[in-house]
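Chemist: Contents of upload-v4.txt (compact mmCIF, C-alpha atoms) are below:
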```
# COMPACT_ATOMS: atom_id res chain seq x y z
CA MET A 1 -10.58 1.70 -10.22
CA ASP A 2 -11.98 3.64 -13.19
CA SER A 3 -14.67 1.06 -13.90
CA TYR A 4 -15.57 0.84 -10.20
CA TRP A 5 -16.16 4.60 -9.98
CA HIS A 6 -18.26 4.60 -13.17
CA ALA A 7 -20.35 1.74 -11.79
CA LEU A 8 -21.20 3.94 -8.79
CA CYS A 9 -21.91 6.96 -10.99
CA GLY A 10 -25.51 6.39 -12.04
CA ASN A 11 -28.32 8.63 -13.32
CA GLY A 12 -25.99 11.56 -13.84
CA VAL A 13 -25.08 11.84 -10.15
CA ILE A 14 -21.54 11.93 -8.75
CA PRO A 15 -21.02 9.04 -6.29
CA SER A 16 -20.84 9.87 -2.61
CA ARG A 17 -17.92 9.09 -0.32
CA SER A 18 -20.10 6.72 1.68
CA GLN A 19 -20.68 4.56 -1.41
CA VAL A 20 -17.00 3.70 -1.75
CA ASP A 21 -16.42 0.23 -0.33
CA PRO A 22 -12.75 -0.81 0.03
CA ARG A 23 -13.78 -4.37 -0.86
CA GLY A 24 -14.80 -3.13 -4.30
CA ILE A 25 -11.25 -1.95 -5.07
CA GLU A 26 -9.41 -4.64 -3.14
CA GLY A 27 -7.05 -5.38 -6.03
CA ALA A 28 -5.89 -1.74 -6.18
CA LEU A 29 -6.21 -0.84 -2.51
CA GLU A 30 -2.50 -0.28 -1.89
CA PHE A 31 -2.42 2.33 -4.68
CA ALA A 32 -5.68 4.07 -3.77
CA PHE A 33 -6.32 7.17 -1.67
CA LEU A 34 -9.12 9.53 -0.68
CA ALA A 35 -8.62 13.29 -0.98
CA GLU A 36 -10.60 16.21 0.44
CA ARG A 37 -10.86 19.70 -1.05
CA ILE A 38 -9.68 22.21 1.55
CA ALA A 39 -9.48 25.37 -0.62
CA PRO A 40 -9.72 26.29 -4.31
CA GLY A 41 -7.05 24.28 -6.09
CA MET A 42 -5.96 22.53 -2.89
CA ALA A 43 -6.69 19.10 -1.45
CA LYS A 44 -5.35 16.96 1.37
CA ILE A 45 -5.00 13.20 1.59
CA ARG A 46 -7.49 11.74 4.06
CA VAL A 47 -6.44 8.08 3.89
CA ALA A 48 -4.12 6.26 1.50
CA GLY A 49 -2.84 2.83 0.59
CA SER A 50 0.64 1.66 1.51
CA HIS A 51 2.19 2.54 -1.85
CA LEU A 52 1.97 6.28 -1.22
CA SER A 53 3.81 5.80 2.07
CA ASP A 54 6.51 3.82 0.26
CA VAL A 55 6.91 6.55 -2.38
CA MET A 56 7.10 9.36 0.16
CA GLY A 57 8.92 7.43 2.88
CA MET A 58 6.44 8.62 5.47
CA GLU A 59 2.79 8.49 6.51
CA THR A 60 0.81 10.50 3.94
CA SER A 61 -2.58 10.81 5.67
CA GLY A 62 -3.29 14.47 6.39
CA MET A 63 -0.63 15.74 3.94
CA PRO A 64 -1.47 18.10 1.07
CA LEU A 65 -1.80 16.27 -2.23
CA SER A 66 0.67 18.80 -3.67
CA SER A 67 3.41 17.37 -1.41
CA LEU A 68 3.67 14.43 -3.83
CA PHE A 69 4.78 16.79 -6.61
CA ALA A 70 7.85 18.86 -7.38
CA PRO A 71 7.28 22.59 -6.71
CA ALA A 72 7.34 23.43 -10.42
CA ALA A 73 4.40 21.11 -11.09
CA ARG A 74 2.13 22.41 -8.35
CA ASP A 75 0.54 25.34 -10.21
CA MET A 76 -0.63 23.05 -12.99
CA LEU A 77 -1.85 20.54 -10.40
CA SER A 78 -3.78 23.30 -8.62
CA ASP A 79 -5.56 24.29 -11.84
CA ALA A 80 -6.48 20.65 -12.44
CA LEU A 81 -7.82 20.19 -8.91
CA THR A 82 -10.01 23.26 -9.31
CA ARG A 83 -11.63 21.65 -12.34
CA VAL A 84 -11.99 18.23 -10.70
CA PHE A 85 -14.17 19.65 -7.93
CA ALA A 86 -15.85 22.56 -9.75
CA GLU A 87 -16.99 21.03 -13.06
CA PRO A 88 -16.71 18.18 -11.84
CA ALA A 89 -14.10 16.34 -13.93
CA ILE A 90 -11.84 13.28 -14.01
CA LEU A 91 -8.09 13.88 -13.99
CA ARG A 92 -5.62 11.52 -15.67
CA THR A 93 -1.95 12.39 -15.86
CA GLY A 94 1.41 10.74 -16.40
CA LEU A 95 4.10 11.10 -13.76
CA LEU A 96 7.89 11.40 -14.00
CA GLY A 97 9.94 11.02 -10.84
CA GLU A 98 12.42 13.79 -10.12
CA ASP A 99 16.12 13.02 -10.61
CA GLY A 100 18.73 13.00 -7.89
CA PHE A 101 21.24 10.95 -5.93
CA GLY A 102 19.85 7.51 -5.13
CA LYS A 103 16.77 8.16 -7.26
CA PRO A 104 16.55 5.79 -10.23
CA SER A 105 14.23 6.28 -13.17
CA LEU A 106 10.62 6.24 -11.96
CA ASP A 107 7.40 6.98 -13.82
CA GLY A 108 3.72 6.34 -13.24
CA GLN A 109 0.16 7.50 -13.57
CA LEU A 110 -2.34 9.38 -11.43
CA LEU A 111 -6.12 9.03 -11.66
CA LEU A 112 -8.44 11.31 -9.66
CA MET A 113 -12.26 11.04 -9.72
CA PRO A 114 -14.71 13.35 -7.89
CA LEU A 115 -16.95 12.27 -5.02
CA ARG A 116 -19.70 13.96 -3.02
CA SER A 117 -19.39 14.45 0.72
CA ASP A 118 -22.14 13.51 3.15
CA MET A 119 -23.38 17.10 2.79
CA GLY A 120 -23.86 16.60 -0.96
CA ASP A 121 -21.12 18.94 -2.22
CA VAL A 122 -18.37 17.69 -4.53
CA SER A 123 -15.44 18.05 -2.14
CA ARG A 124 -13.99 14.54 -2.04
CA ALA A 125 -12.08 12.52 -4.62
CA LEU A 126 -11.10 8.90 -5.13
CA GLY A 127 -7.55 8.62 -6.41
CA CYS A 128 -5.08 6.02 -7.61
CA LEU A 129 -1.32 6.52 -7.95
CA VAL A 130 0.73 3.77 -9.59
CA THR A 131 4.47 3.87 -10.30
CA ARG A 132 6.83 1.75 -12.42
CA GLY A 133 10.45 1.32 -11.41
CA ARG A 134 12.44 1.15 -8.21
CA ILE A 135 11.57 3.85 -5.69
CA GLY A 136 15.07 4.26 -4.34
CA ARG A 137 15.71 7.14 -1.96
CA ALA A 138 12.48 8.56 -0.55
CA PRO A 139 10.68 10.87 -0.71
CA ARG A 140 10.07 10.73 -4.47
CA ARG A 141 8.19 13.65 -5.97
CA PHE A 142 6.84 13.91 -9.46
CA LEU A 143 6.59 16.10 -12.53
CA LEU A 144 3.45 16.00 -14.68
CA ASP A 145 3.96 14.31 -18.03
CA GLY A 146 0.85 15.46 -19.89
CA MET A 147 -2.62 15.83 -18.40
CA ASN A 148 -6.09 14.81 -19.51
CA ILE A 149 -9.10 16.47 -17.83
CA GLU A 150 -12.45 14.95 -18.76
CA PRO A 151 -15.69 16.66 -17.62
CA VAL A 152 -17.97 14.04 -16.09
CA PHE A 153 -21.24 15.12 -17.65
CA ALA A 154 -20.62 17.19 -20.80
CA GLY A 155 -17.99 18.84 -22.96
CA LYS A 156 -14.75 17.62 -24.42
CA ALA A 157 -11.68 16.46 -22.59
CA LYS A 158 -8.91 19.00 -22.34
CA PHE A 159 -5.35 17.78 -22.82
CA VAL A 160 -2.57 19.90 -21.38
CA ARG A 161 1.14 19.25 -21.84
CA ARG A 162 3.93 21.32 -20.40
CA SER A 163 7.60 20.82 -21.14
CA VAL A 164 9.14 18.56 -18.52
CA SER A 165 12.36 20.58 -18.75
CA GLN A 166 10.40 23.69 -17.71
CA GLN A 167 9.13 21.87 -14.64
CA ARG A 168 12.58 20.52 -13.75
CA ASP A 169 14.06 24.02 -13.54
CA ALA A 170 12.36 24.66 -10.20
CA ILE A 171 12.92 21.28 -8.50
CA GLN A 172 14.34 21.43 -5.00
CA GLU A 173 16.22 18.53 -3.43
CA PRO A 174 13.85 16.85 -0.91
CA ARG A 175 14.84 15.32 2.40
CA SER A 176 14.73 11.59 3.03
CA SER A 177 12.70 9.87 5.74
CA ASP A 178 11.92 6.40 6.99
CA THR A 179 9.04 4.40 5.55
CA GLY A 180 5.79 4.16 7.48
CA ALA A 181 3.66 1.13 8.21
CA ALA A 182 0.67 0.06 6.15
CA ARG A 183 -2.75 0.86 7.51
CA GLN A 184 -6.41 0.39 6.70
CA PHE A 185 -8.00 2.40 3.90
CA ASN A 186 -11.23 3.12 5.79
CA GLU A 187 -11.65 6.57 7.31
CA PRO A 188 -12.31 6.48 11.06
CA ALA A 189 -15.91 7.32 11.83
CA THR A 190 -16.59 10.34 14.00
CA PRO A 191 -18.56 9.17 17.05
CA PHE A 192 -21.87 10.83 17.77
CA VAL A 193 -22.42 11.73 21.39
CA ALA A 194 -25.94 12.76 22.32
CA ALA A 195 -26.25 15.65 24.73
CA PRO A 196 -27.84 14.72 28.08
CA PRO A 197 -31.44 15.93 28.51
CA ARG A 198 -31.79 19.25 30.28
CA ARG A 199 -33.54 19.09 33.61
CA SER A 200 -36.03 21.79 34.36
CA ARG A 201 -35.41 23.77 37.50
CA PRO A 202 -38.03 23.35 40.23
CA GLU A 203 -40.28 26.35 40.66
CA LEU A 204 -40.95 27.92 44.08
CA ARG A 205 -44.44 29.31 44.48
CA ILE A 206 -45.48 31.54 47.39
CA VAL A 207 -49.19 31.48 48.18
CA VAL A 208 -50.54 34.35 50.31
CA SER A 209 -53.72 33.60 52.18
CA ASN A 210 -56.14 36.36 53.25
CA ASP A 211 -57.75 34.14 55.89
CA ASP A 212 -57.18 35.21 59.50
```
What do you get writing this file as C-alpha cells?

Modeler:
Amino acid sequence: MDSYWHALCGNGVIPSRSQVDPRGIEGALEFAFLAERIAPGMAKIRVAGSHLSDVMGMETSGMPLSSLFAPAARDMLSDALTRVFAEPAILRTGLLGEDGFGKPSLDGQLLLMPLRSDMGDVSRALGCLVTRGRIGRAPRRFLLDGMNIEPVFAGKAKFVRRSVSQQRDAIQEPRSSDTGAARQFNEPATPFVAAPPRRSRPELRIVVSNDD
C-alpha cells in the first residue's frame, strides 16, 4: 500500500482520489479504506474493505474514523489527522485492542496517506488497517501504541508516544453488534443530470395601423 501511494506521488504532487485504482492494491483491498476530512481533526470513512467491518462488527462506511478508537485515544488521533491533511503528512501508528470480556489480545498497525479531492484540495486519505490476533467480541476499538508522522515534502518525522495506561483509564465498554457483509471498495459515482433547455416564451406583438 505504501509503495503504491508513493508510485502515484510524482513531481511533488499529492495523488488525487481518482488516481487510486482498487486493482493496484488488490492484495490489501480487504484492509484498505478511503477517508474524507469533514472538519479540522475529523474524518469519516467513505468506503472500506471487509476487515474493518469484521473488527467493528458492523458496516463502517459513513462512520467517523474516530469510532475505531477508544475515547482516550481520540484527542491524539485528532491532532494527527489535522497534520495529515494540513501539512500534508503520512501517519503510521501501532494499535492495541482494548481489553474486556470476550476480547482476546489484539494488536495491529494503521497507515494513512493524504489524497487530493477532485477539487484539488487535500481532503481525502488512503488508509490501511491490519490487525494480528483473534477479533473475538466486536466491536474492537484501539489505543495508539506510538505514532510516527512524516511530512510528505519536507521536514523531519515526528514520533509521539503516550503511555498506554493513560489511554486505558478512559476506555468505555462498547456494545456488540453483528458482522456486516463484504462490499466493493469503489465509491459510487454521483450521476450527472443535465438540466433541460429553457424554452423561450412566445412574444405577442400588437401592430397599430393608421390606414383607414

Chemist: Would you tabulate, counting all atoms listed in the file, all residues of stretch 63-96 of chain A that have an atom at most 10 Å from an atom of stretch 119-124 of chain A, showing the closest pair of atoms and their distance in Å to one decimal, sorted by chain then ascending number, as JSON lines?

Modeler:
```
{"residue": "A:Val84", "atom": "CA", "partner": "A:Val122", "partner_atom": "CA", "distance": 8.9}
{"residue": "A:Phe85", "atom": "CA", "partner": "A:Val122", "partner_atom": "CA", "distance": 5.7}
{"residue": "A:Ala86", "atom": "CA", "partner": "A:Val122", "partner_atom": "CA", "distance": 7.6}
{"residue": "A:Glu87", "atom": "CA", "partner": "A:Val122", "partner_atom": "CA", "distance": 9.3}
{"residue": "A:Pro88", "atom": "CA", "partner": "A:Val122", "partner_atom": "CA", "distance": 7.5}
```

Chemist: Using all atoms listed in the file, which of A:Glu30, A:Arg137, A:Val130, A:Phe142 sits nearest A:Leu65?

Modeler: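 The closest residue to A:Leu65 is A:Phe142.
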
Chemist: As an exercise, work out the distance from atom CA of A:Leu112 to atom CA of A:Glu59 in Å and give it to one decimal place.

Modeler: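 About the pair atom CA of A:Leu112 and atom CA of A:Glu59: they are 19.9 Å apart.
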
Chemist: Measuring between all atoms listed in the file, which one of A:Val152, A:Met42, A:Ala35, A:Met1 shows the shortest distance to A:Arg74?

Modeler: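 Smallest separation from A:Arg74 among the options: A:Met42.
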
Chemist: Counting all atoms listed in the file, note down every residue that has an atom within 8 Å of the point (8.3, 1.1, -13.8) (file coordinates), as a PyMOL selection string.

Modeler: chain A and resi 105-108+131-134

Chemist: Taking only C-alpha atoms into account, which of A:Tyr4, A:Leu126, A:Thr82, A:Gly146 comes nearest A:Ile45?

Modeler: A:Leu126

Chemist: So that I can check the surroundings of A:Asp118, please list as a list in words every protein, DNA and RNA residue that reaches within 9 Å of it, counting all atoms listed in the file and ignoring chain neighbours fewer than 4 positions away.

Modeler: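 Near neighbours after the sequence-gap exclusion: Ser16, Arg17 and Ser18 of chain A.
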
Chemist: What does the distance from atom CA of A:Ile149 to atom CA of A:Met76 come to in Å, to one decimal?

Modeler: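 These atoms are spaced 11.8 Å apart.
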
Chemist: Would you give the centre and edge lengths, in Å to one decimal, of a box along x, y and z around the listed atoms of stretch 126-131 of chain A, with 3 Å added to each side, as JSON?

Modeler:
```
{"center_x": -3.3, "center_y": 6.3, "center_z": -7.7, "size_x": 21.6, "size_y": 11.1, "size_z": 11.2}
```

Chemist: If you measure from atom CA of A:Arg46 to atom CA of A:Leu111, what distance in Å do you get, rounded to one decimal?

Modeler: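 Result for atom CA of A:Arg46 versus atom CA of A:Leu111: 16.0 Å, one decimal.
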
Chemist: Which one is closest to A:Thr93: A:Leu144, A:Met56, A:Met63, A:Leu68? Count all atoms listed in the file.

Modeler: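 Closest to A:Thr93 of all the choices is A:Leu144.
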